2 protein chains.
Amino acid sequence: MRVLKSPDAVQALCLSFREAGKTIALVPTMGVLHEGHLSLIKAAKKNADKVIVSIFVNPSQFGPSEDFESYPRTFDADKEKCKRAGVDIIFAPMSDNMYSEDFSVWVDEDKLSTNLCGARRPGHFKGVCTVVLKLFMICQPNVAVFGKKDAQQALIIRRMARDLNIPVKIIITPVVREKDGLAVSSRNRYLTPAEREQATIIYKGLQQVKEWRKEDLSVAQIRKKLLKFIQQAHDARIDYVTIVDEKTLKEENKPYPGQSLLIAVAVFFGKARLIDNISFKW
Amino acid sequence: MRVLKSPDAVQALCLSFREAGKTIALVPTMGVLHEGHLSLIKAAKKNADKVIVSIFVNPSQFGPSEDFESYPRTFDADKEKCKRAGVDIIFAPMSDNMYSEDFSVWVDEDKLSTNLCGARRPGHFKGVCTVVLKLFMICQPNVAVFGKKDAQQALIIRRMARDLNIPVKIIITPVVREKDGLAVSSRNRYLTPAEREQATIIYKGLQQVKEWRKEDLSVAQIRKKLLKFIQQAHDARIDYVTIVDEKTLKEENKPYPGQSLLIAVAVFFGKARLIDNISFKW
């Protein structure tokens with residue numbers, strides 16, 4: 001396994017792979033690798049000859065009041081995990097090499113990103129799209145793997161590839177969960193033991209939806225029930241609880257039978273902002 | 001020479017060229033090909049195995065009050081010219097195949113584009129950056145050729161390639177002029193014979209700058225002299241006359257000795273908005 005910091009060096013290497021007929025899968029991460037990332041890497045290995053994991057805490061996707069500075073960095077442990085998972089290359093650039101002082105070109109999405117996390121984190125998806133496009137250009141992947149936990153991000157990246165004609169297949173893998181159902185996330189580290197226990201309420205609530213569906217409730221009623229359910233946890237501060245069309249991410253109050261919906265929630269517990277979601281058909 | 005309309009077909013073909021070790025040069029155009037474009041094609045042929053000319057009047061770079069509808073289309077003549085110039089592929093997509101109904105991802109530049117044409121044509125360079133990135137992804141060029149006449153556009157595209165790590169070399173070729181000095185442009189067709197005659201004032205003015213430099217005038221004085229000079233033409237309506245740093249495109253009133261400057265002008269004659277520029281060292 002090679003660990004490279006220079007965008008130019010990685011690009012030269014990846015272009016040479018492509019010329020030699022090798023396929024490349026990219027797994028973009030911000031490090032602090034956990035089981036979720038390992039499932040992305042597994043999917044990557046299945047779909048290409050060479051697997052690149054990028055590790056880069058991308059400053060441009062954090063808002064001024066967000067946790068960029070305090071975001072955990074665990075590079076040595078990440079390296080070990082990548083090695084064991086059979087990764088070929090870690091690309092771990094320095095911020096200065098990704099954003100020059102007079103950096104001025106941005107990629108932005110203006111429909112899917114107006115709701116959910118996009119509405120709460122202005123500029124977040126502009127930062128995400130820009131860095132992911134840069135990573136695509138540097139790593140020249142045939143395939144890139146994103147997790148369903150960040151459902152909106154995955155959809156936006158897929159839209160970016162479609163709209164900008166980027167020849168990269170976007171694979172979206174299922175949410176990986178702890179035994180008690182909590183979605184695995186780097187930000188779970190921020191939770192105190194008491195918060196960690198309460199945080200299981202999120203997935204329990206999402207599971208309840210299946211039950212409520214049997215009661216023939218409306219979308220609005222289900223949404224309200226889920227909100228109340230999560231609020232049972234003493235330290236939960238709801239950021240959003242929303243039911244949207246799974247393709248457009250627009251709020252859906254009167255779905256047609258069979259319509260694919262996404263229930264997406266974001267809840268603060270202490271310092272941690274946790275997100276989770278499930279898809280279901282109406 | 002092949003003429004292709006489908007972005008997917010062109011992309012598949014170009015990816016196969018690249019896998020076979022062929023280099024590709026792209027010349028993005030809006031058609032109505034003239035001597036300026038032919039000089040771009042010549043540069044393209046010198047720098048790659050395969051030359052693709054894209055012909056696409058890109059709606060997203062025209063403002064609502066601009067000439068998108070009336071912009072001339074001369075496809076048959078363009079085809080003939082490309083054939084004679086030794087072009088390998090014409091890529092002439094339909095608008096619907098470039099911009100789907102729910103198109104939502106845009107590329108924008110926010111420093112170089114705030115001045116000159118960018119200030120007068122809101123959204124213009126967003127449209128340009130977006131379509132050029134799409135063309136890069138579709139045509140997979142090693143090299144792309146742009147004309148110096150659109151100096152700001154060329155600089156912004158070069159910046160886009162740098163900031164987004166796009167592995168495409170941007171070649172900028174000199175302004176091609178008619179015998180009387182008028183910069184060759186598709187929009188020259190809009191000129192009445194009287195306007196056409198007057199329009200030579202632009203290049204004459206730019207040439208005068210060399211003389212004025214000998215008189216030890218300030219940047220502000222030269223700018224004023226050039227403005228007055230062009231205003232001698234009865235039908236000239238000045239959009240801008242500006243002297244900027246050639247790298248940052250910021251207005252420069254007190255250049256240091258040896259600083260590279262760009263004098264850029266945009267002047268309306270009747271329906272035609274004409275642009276021109278010269279570079280010089282202070």
# chains A, B, ... in the order shown; residues from 1 in each chain; ligands from 1
$ interface_residues --of "chain A" --to "chain B" --cutoff "6 Å" --atoms "only C-alpha atoms" --output "PDB file with N, CA and C atoms, in the first residue's frame"
ATOM      1  N   GLU A  19      -4.233   4.102 -18.408  1.00  0.00           N
ATOM      2  CA  GLU A  19      -3.629   3.794 -19.716  1.00  0.00           C
ATOM      3  C   GLU A  19      -3.255   2.325 -19.825  1.00  0.00           C
ATOM      4  N   SER A 104     -10.594  29.690  -6.785  1.00  0.00           N
ATOM      5  CA  SER A 104     -11.790  30.468  -7.146  1.00  0.00           C
ATOM      6  C   SER A 104     -12.824  29.713  -7.978  1.00  0.00           C
ATOM      7  N   VAL A 105     -12.710  28.415  -8.134  1.00  0.00           N
ATOM      8  CA  VAL A 105     -13.677  27.678  -8.953  1.00  0.00           C
ATOM      9  C   VAL A 105     -14.423  26.654  -8.088  1.00  0.00           C
ATOM     10  N   TRP A 106     -15.730  26.725  -8.133  1.00  0.00           N
ATOM     11  CA  TRP A 106     -16.567  25.915  -7.261  1.00  0.00           C
ATOM     12  C   TRP A 106     -17.627  25.159  -8.054  1.00  0.00           C
ATOM     13  N   VAL A 107     -17.994  24.003  -7.527  1.00  0.00           N
ATOM     14  CA  VAL A 107     -19.069  23.218  -8.120  1.00  0.00           C
ATOM     15  C   VAL A 107     -20.223  23.235  -7.122  1.00  0.00           C
ATOM     16  N   ASP A 108     -21.419  23.495  -7.604  1.00  0.00           N
ATOM     17  CA  ASP A 108     -22.552  23.577  -6.682  1.00  0.00           C
ATOM     18  C   ASP A 108     -23.788  22.933  -7.306  1.00  0.00           C
ATOM     19  N   GLU A 109     -24.662  22.439  -6.430  1.00  0.00           N
ATOM     20  CA  GLU A 109     -25.902  21.801  -6.864  1.00  0.00           C
ATOM     21  C   GLU A 109     -27.024  22.663  -6.324  1.00  0.00           C
ATOM     22  N   ASP A 110     -28.047  22.933  -7.130  1.00  0.00           N
ATOM     23  CA  ASP A 110     -29.034  23.910  -6.660  1.00  0.00           C
ATOM     24  C   ASP A 110     -30.477  23.391  -6.555  1.00  0.00           C
ATOM     25  N   LYS A 111     -30.688  22.100  -6.639  1.00  0.00           N
ATOM     26  CA  LYS A 111     -32.053  21.582  -6.447  1.00  0.00           C
ATOM     27  C   LYS A 111     -32.099  20.587  -5.285  1.00  0.00           C
ATOM     28  N   LYS A 134     -12.795  17.407  -7.523  1.00  0.00           N
ATOM     29  CA  LYS A 134     -11.328  17.441  -7.507  1.00  0.00           C
ATOM     30  C   LYS A 134     -10.768  16.029  -7.309  1.00  0.00           C
ATOM     31  N   MET A 137     -11.012  14.062 -10.440  1.00  0.00           N
ATOM     32  CA  MET A 137     -10.019  14.440 -11.450  1.00  0.00           C
ATOM     33  C   MET A 137      -8.626  13.940 -11.079  1.00  0.00           C
ATOM     34  N   MET A 160     -24.346  15.067  -9.731  1.00  0.00           N
ATOM     35  CA  MET A 160     -23.175  15.780 -10.272  1.00  0.00           C
ATOM     36  C   MET A 160     -22.549  14.980 -11.407  1.00  0.00           C
ATOM     37  N   LEU A 164     -22.686  16.681 -15.090  1.00  0.00           N
ATOM     38  CA  LEU A 164     -21.400  17.122 -15.643  1.00  0.00           C
ATOM     39  C   LEU A 164     -20.765  16.051 -16.531  1.00  0.00           C
ATOM     40  N   ASN A 165     -21.524  14.993 -16.846  1.00  0.00           N
ATOM     41  CA  ASN A 165     -21.032  13.941 -17.746  1.00  0.00           C
ATOM     42  C   ASN A 165     -19.729  13.302 -17.271  1.00  0.00           C
ATOM     43  N   ILE A 166     -19.588  13.169 -15.960  1.00  0.00           N
ATOM     44  CA  ILE A 166     -18.356  12.579 -15.429  1.00  0.00           C
ATOM     45  C   ILE A 166     -18.458  11.057 -15.561  1.00  0.00           C
TER      46      ILE A 166
END
$ select_by_dssp --residues "range 84-250 of chain B" --states "helix (DSSP H, G or I)" --output "PyMOL selection string"
chain B and resi 84-85+95-98+112-114+116-120+124-139+148-163+186-190+193-198+201-214+219-231
$ select_by_dssp --residues "range 7-250 of chain B" --states "strand (DSSP E or B)" --output "ChimeraX atom specification"
/B:24-29,50-55,89-91,105-109,143-147,169-173,177,183,236-245
$ residues_around --residues "Asp49 in chain B" --least-positions-apart "4" --cutoff "9 Å" --atoms "only C-alpha atoms" --output "ChimeraX atom specification"
/B:22-25,44-45
$ write_last_selection --atoms "C-alpha atoms" --output "mmCIF file, in the first residue's frame"
data_model
loop_
_atom_site.group_PDB
_atom_site.id
_atom_site.type_symbol
_atom_site.label_atom_id
_atom_site.label_comp_id
_atom_site.auth_asym_id
_atom_site.auth_seq_id
_atom_site.Cartn_x
_atom_site.Cartn_y
_atom_site.Cartn_z
ATOM 1 C CA LYS B 22 -4.135 8.407 -28.592
ATOM 2 C CA THR B 23 -4.074 12.040 -27.506
ATOM 3 C CA ILE B 24 -7.110 14.258 -28.046
ATOM 4 C CA ALA B 25 -7.398 18.003 -28.602
ATOM 5 C CA ALA B 44 -5.150 21.540 -31.919
ATOM 6 C CA LYS B 45 -3.773 19.454 -34.786
#
$ residues_around --residues "Gly31 in chain B" --least-positions-apart "4" --cutoff "10 Å" --atoms "only C-alpha atoms" --output "PDB file with C-alpha atoms, in the first residue's frame"
ATOM      1  CA  HIS B  37     -11.574  29.073 -35.174  1.00  0.00           C
ATOM      2  CA  VAL B  53     -14.512  20.423 -32.643  1.00  0.00           C
ATOM      3  CA  SER B  54     -17.629  20.894 -30.563  1.00  0.00           C
ATOM      4  CA  ILE B  55     -20.360  23.026 -32.093  1.00  0.00           C
ATOM      5  CA  PHE B  56     -22.931  24.023 -29.520  1.00  0.00           C
ATOM      6  CA  VAL B  57     -24.687  27.335 -28.964  1.00  0.00           C
ATOM      7  CA  TYR B  71     -27.109  33.837 -32.734  1.00  0.00           C
ATOM      8  CA  PRO B  72     -26.214  32.642 -36.248  1.00  0.00           C
ATOM      9  CA  ARG B  73     -26.184  28.898 -37.047  1.00  0.00           C
ATOM     10  CA  THR B  74     -24.317  27.772 -40.175  1.00  0.00           C
ATOM     11  CA  PHE B  75     -23.846  24.062 -39.625  1.00  0.00           C
ATOM     12  CA  ALA B  77     -20.656  25.524 -43.888  1.00  0.00           C
ATOM     13  CA  ASP B  78     -19.025  24.723 -40.516  1.00  0.00           C
ATOM     14  CA  LYS B  79     -18.891  21.045 -41.459  1.00  0.00           C
ATOM     15  CA  ALA B  92     -22.796  18.792 -32.186  1.00  0.00           C
ATOM     16  CA  SER B 186     -19.039  35.574 -35.342  1.00  0.00           C
TER      17      SER B 186
END
$ residues_around --residues "Asp245 in chain A" --least-positions-apart "3" --cutoff "8 Å" --atoms "only C-alpha atoms" --output "mmCIF file with C-alpha atoms, in the first residue's frame"
data_model
loop_
_atom_site.group_PDB
_atom_site.id
_atom_site.type_symbol
_atom_site.label_atom_id
_atom_site.label_comp_id
_atom_site.auth_asym_id
_atom_site.auth_seq_id
_atom_site.Cartn_x
_atom_site.Cartn_y
_atom_site.Cartn_z
ATOM 1 C CA THR A 248 -36.156 14.716 -5.725
ATOM 2 C CA LEU A 249 -35.746 15.061 -1.920
ATOM 3 C CA LYS A 250 -38.808 17.306 -1.918
ATOM 4 C CA GLU A 251 -41.223 17.039 1.019
ATOM 5 C CA GLU A 252 -44.042 14.739 0.184
ATOM 6 C CA GLN A 259 -43.858 6.041 -4.340
ATOM 7 C CA SER A 260 -40.307 5.698 -2.975
ATOM 8 C CA LEU A 261 -39.907 7.860 0.104
ATOM 9 C CA LEU A 262 -36.995 8.681 2.351
#
$ closest_residue --among "B:Asp239, B:Ser185, B:Pro122, B:Lys214" --to "Pro64 in chain B" --atoms "only C-alpha atoms"
B:Pro122
$ closest_residue --among "B:Ser60, B:Gly205, B:Gln152, B:Pro255" --to "Gln231 in chain B" --atoms "only C-alpha atoms"
B:Gly205
$ closest_residue --among "A:Val265, A:Cys117, A:Ala43, A:Val184" --to "Gly86 in chain A" --atoms "only C-alpha atoms"
A:Ala43
$ closest_residue --among "A:Phe269, A:Phe17, A:Tyr240, A:Phe125" --to "Phe62 in chain A" --atoms "only C-alpha atoms"
A:Phe125
$ residues_around --residues "Gly36 in chain A" --least-positions-apart "3" --cutoff "8 Å" --atoms "only C-alpha atoms" --output "number ranges by chain"
A: 33, 39-40, 147, 175-177, 184-185
$ closest_residue --among "A:Glu246, A:Asp150, A:Asp235, A:Glu66" --to "Glu195 in chain A" --atoms "only C-alpha atoms"
A:Asp235
$ residues_around --residues "Lys224 in chain B" --least-positions-apart "6" --cutoff "10 Å" --atoms "only C-alpha atoms" --output "JSON, numbers by chain"
{"B": [218, 241, 242]}
$ write_last_selection --atoms "C-alpha atoms" --output "short mmCIF file (atom, residue, chain, number, x, y, z; two decimals), in the first residue's frame"
data_model
loop_
_atom_site.label_atom_id
_atom_site.label_comp_id
_atom_site.auth_asym_id
_atom_site.auth_seq_id
_atom_site.Cartn_x
_atom_site.Cartn_y
_atom_site.Cartn_z
CA SER B 218 -0.44 57.34 -16.29
CA VAL B 241 -12.53 50.22 -21.54
CA THR B 242 -10.27 48.94 -18.82
#
$ atom_distance --atom1 "CA of Thr173 in chain B" --atom2 "CA of Lys210 in chain B"
21.6 Å
$ atom_distance --atom1 "CA of Lys204 in chain B" --atom2 "CA of Phe68 in chain B"
29.5 Å
$ decode --residues "range 161-183 of chain B" --atoms "C-alpha atoms" --output "short mmCIF file (atom, residue, chain, number, x, y, z; two decimals), in the first residue's frame"
data_model
loop_
_atom_site.label_atom_id
_atom_site.label_comp_id
_atom_site.auth_asym_id
_atom_site.auth_seq_id
_atom_site.Cartn_x
_atom_site.Cartn_y
_atom_site.Cartn_z
CA ALA B 161 -8.47 23.39 -14.94
CA ARG B 162 -6.00 24.32 -12.21
CA ASP B 163 -8.47 24.57 -9.32
CA LEU B 164 -10.44 21.45 -10.19
CA ASN B 165 -7.29 19.42 -11.05
CA ILE B 166 -8.55 18.71 -14.55
CA PRO B 167 -5.75 17.04 -16.50
CA VAL B 168 -6.26 19.16 -19.63
CA LYS B 169 -3.61 21.53 -20.95
CA ILE B 170 -5.19 24.85 -21.95
CA ILE B 171 -3.60 26.44 -25.02
CA ILE B 172 -4.42 30.09 -25.74
CA THR B 173 -3.85 31.29 -29.32
CA PRO B 174 -3.43 34.90 -30.52
CA VAL B 175 -6.30 37.09 -31.74
CA VAL B 176 -6.91 36.65 -35.47
CA ARG B 177 -7.70 39.91 -37.25
CA GLU B 178 -9.18 41.07 -40.53
CA LYS B 179 -6.81 42.99 -42.82
CA ASP B 180 -7.98 46.27 -41.31
CA GLY B 181 -7.32 45.04 -37.78
CA LEU B 182 -10.86 44.20 -36.61
CA ALA B 183 -10.78 41.07 -34.47
#
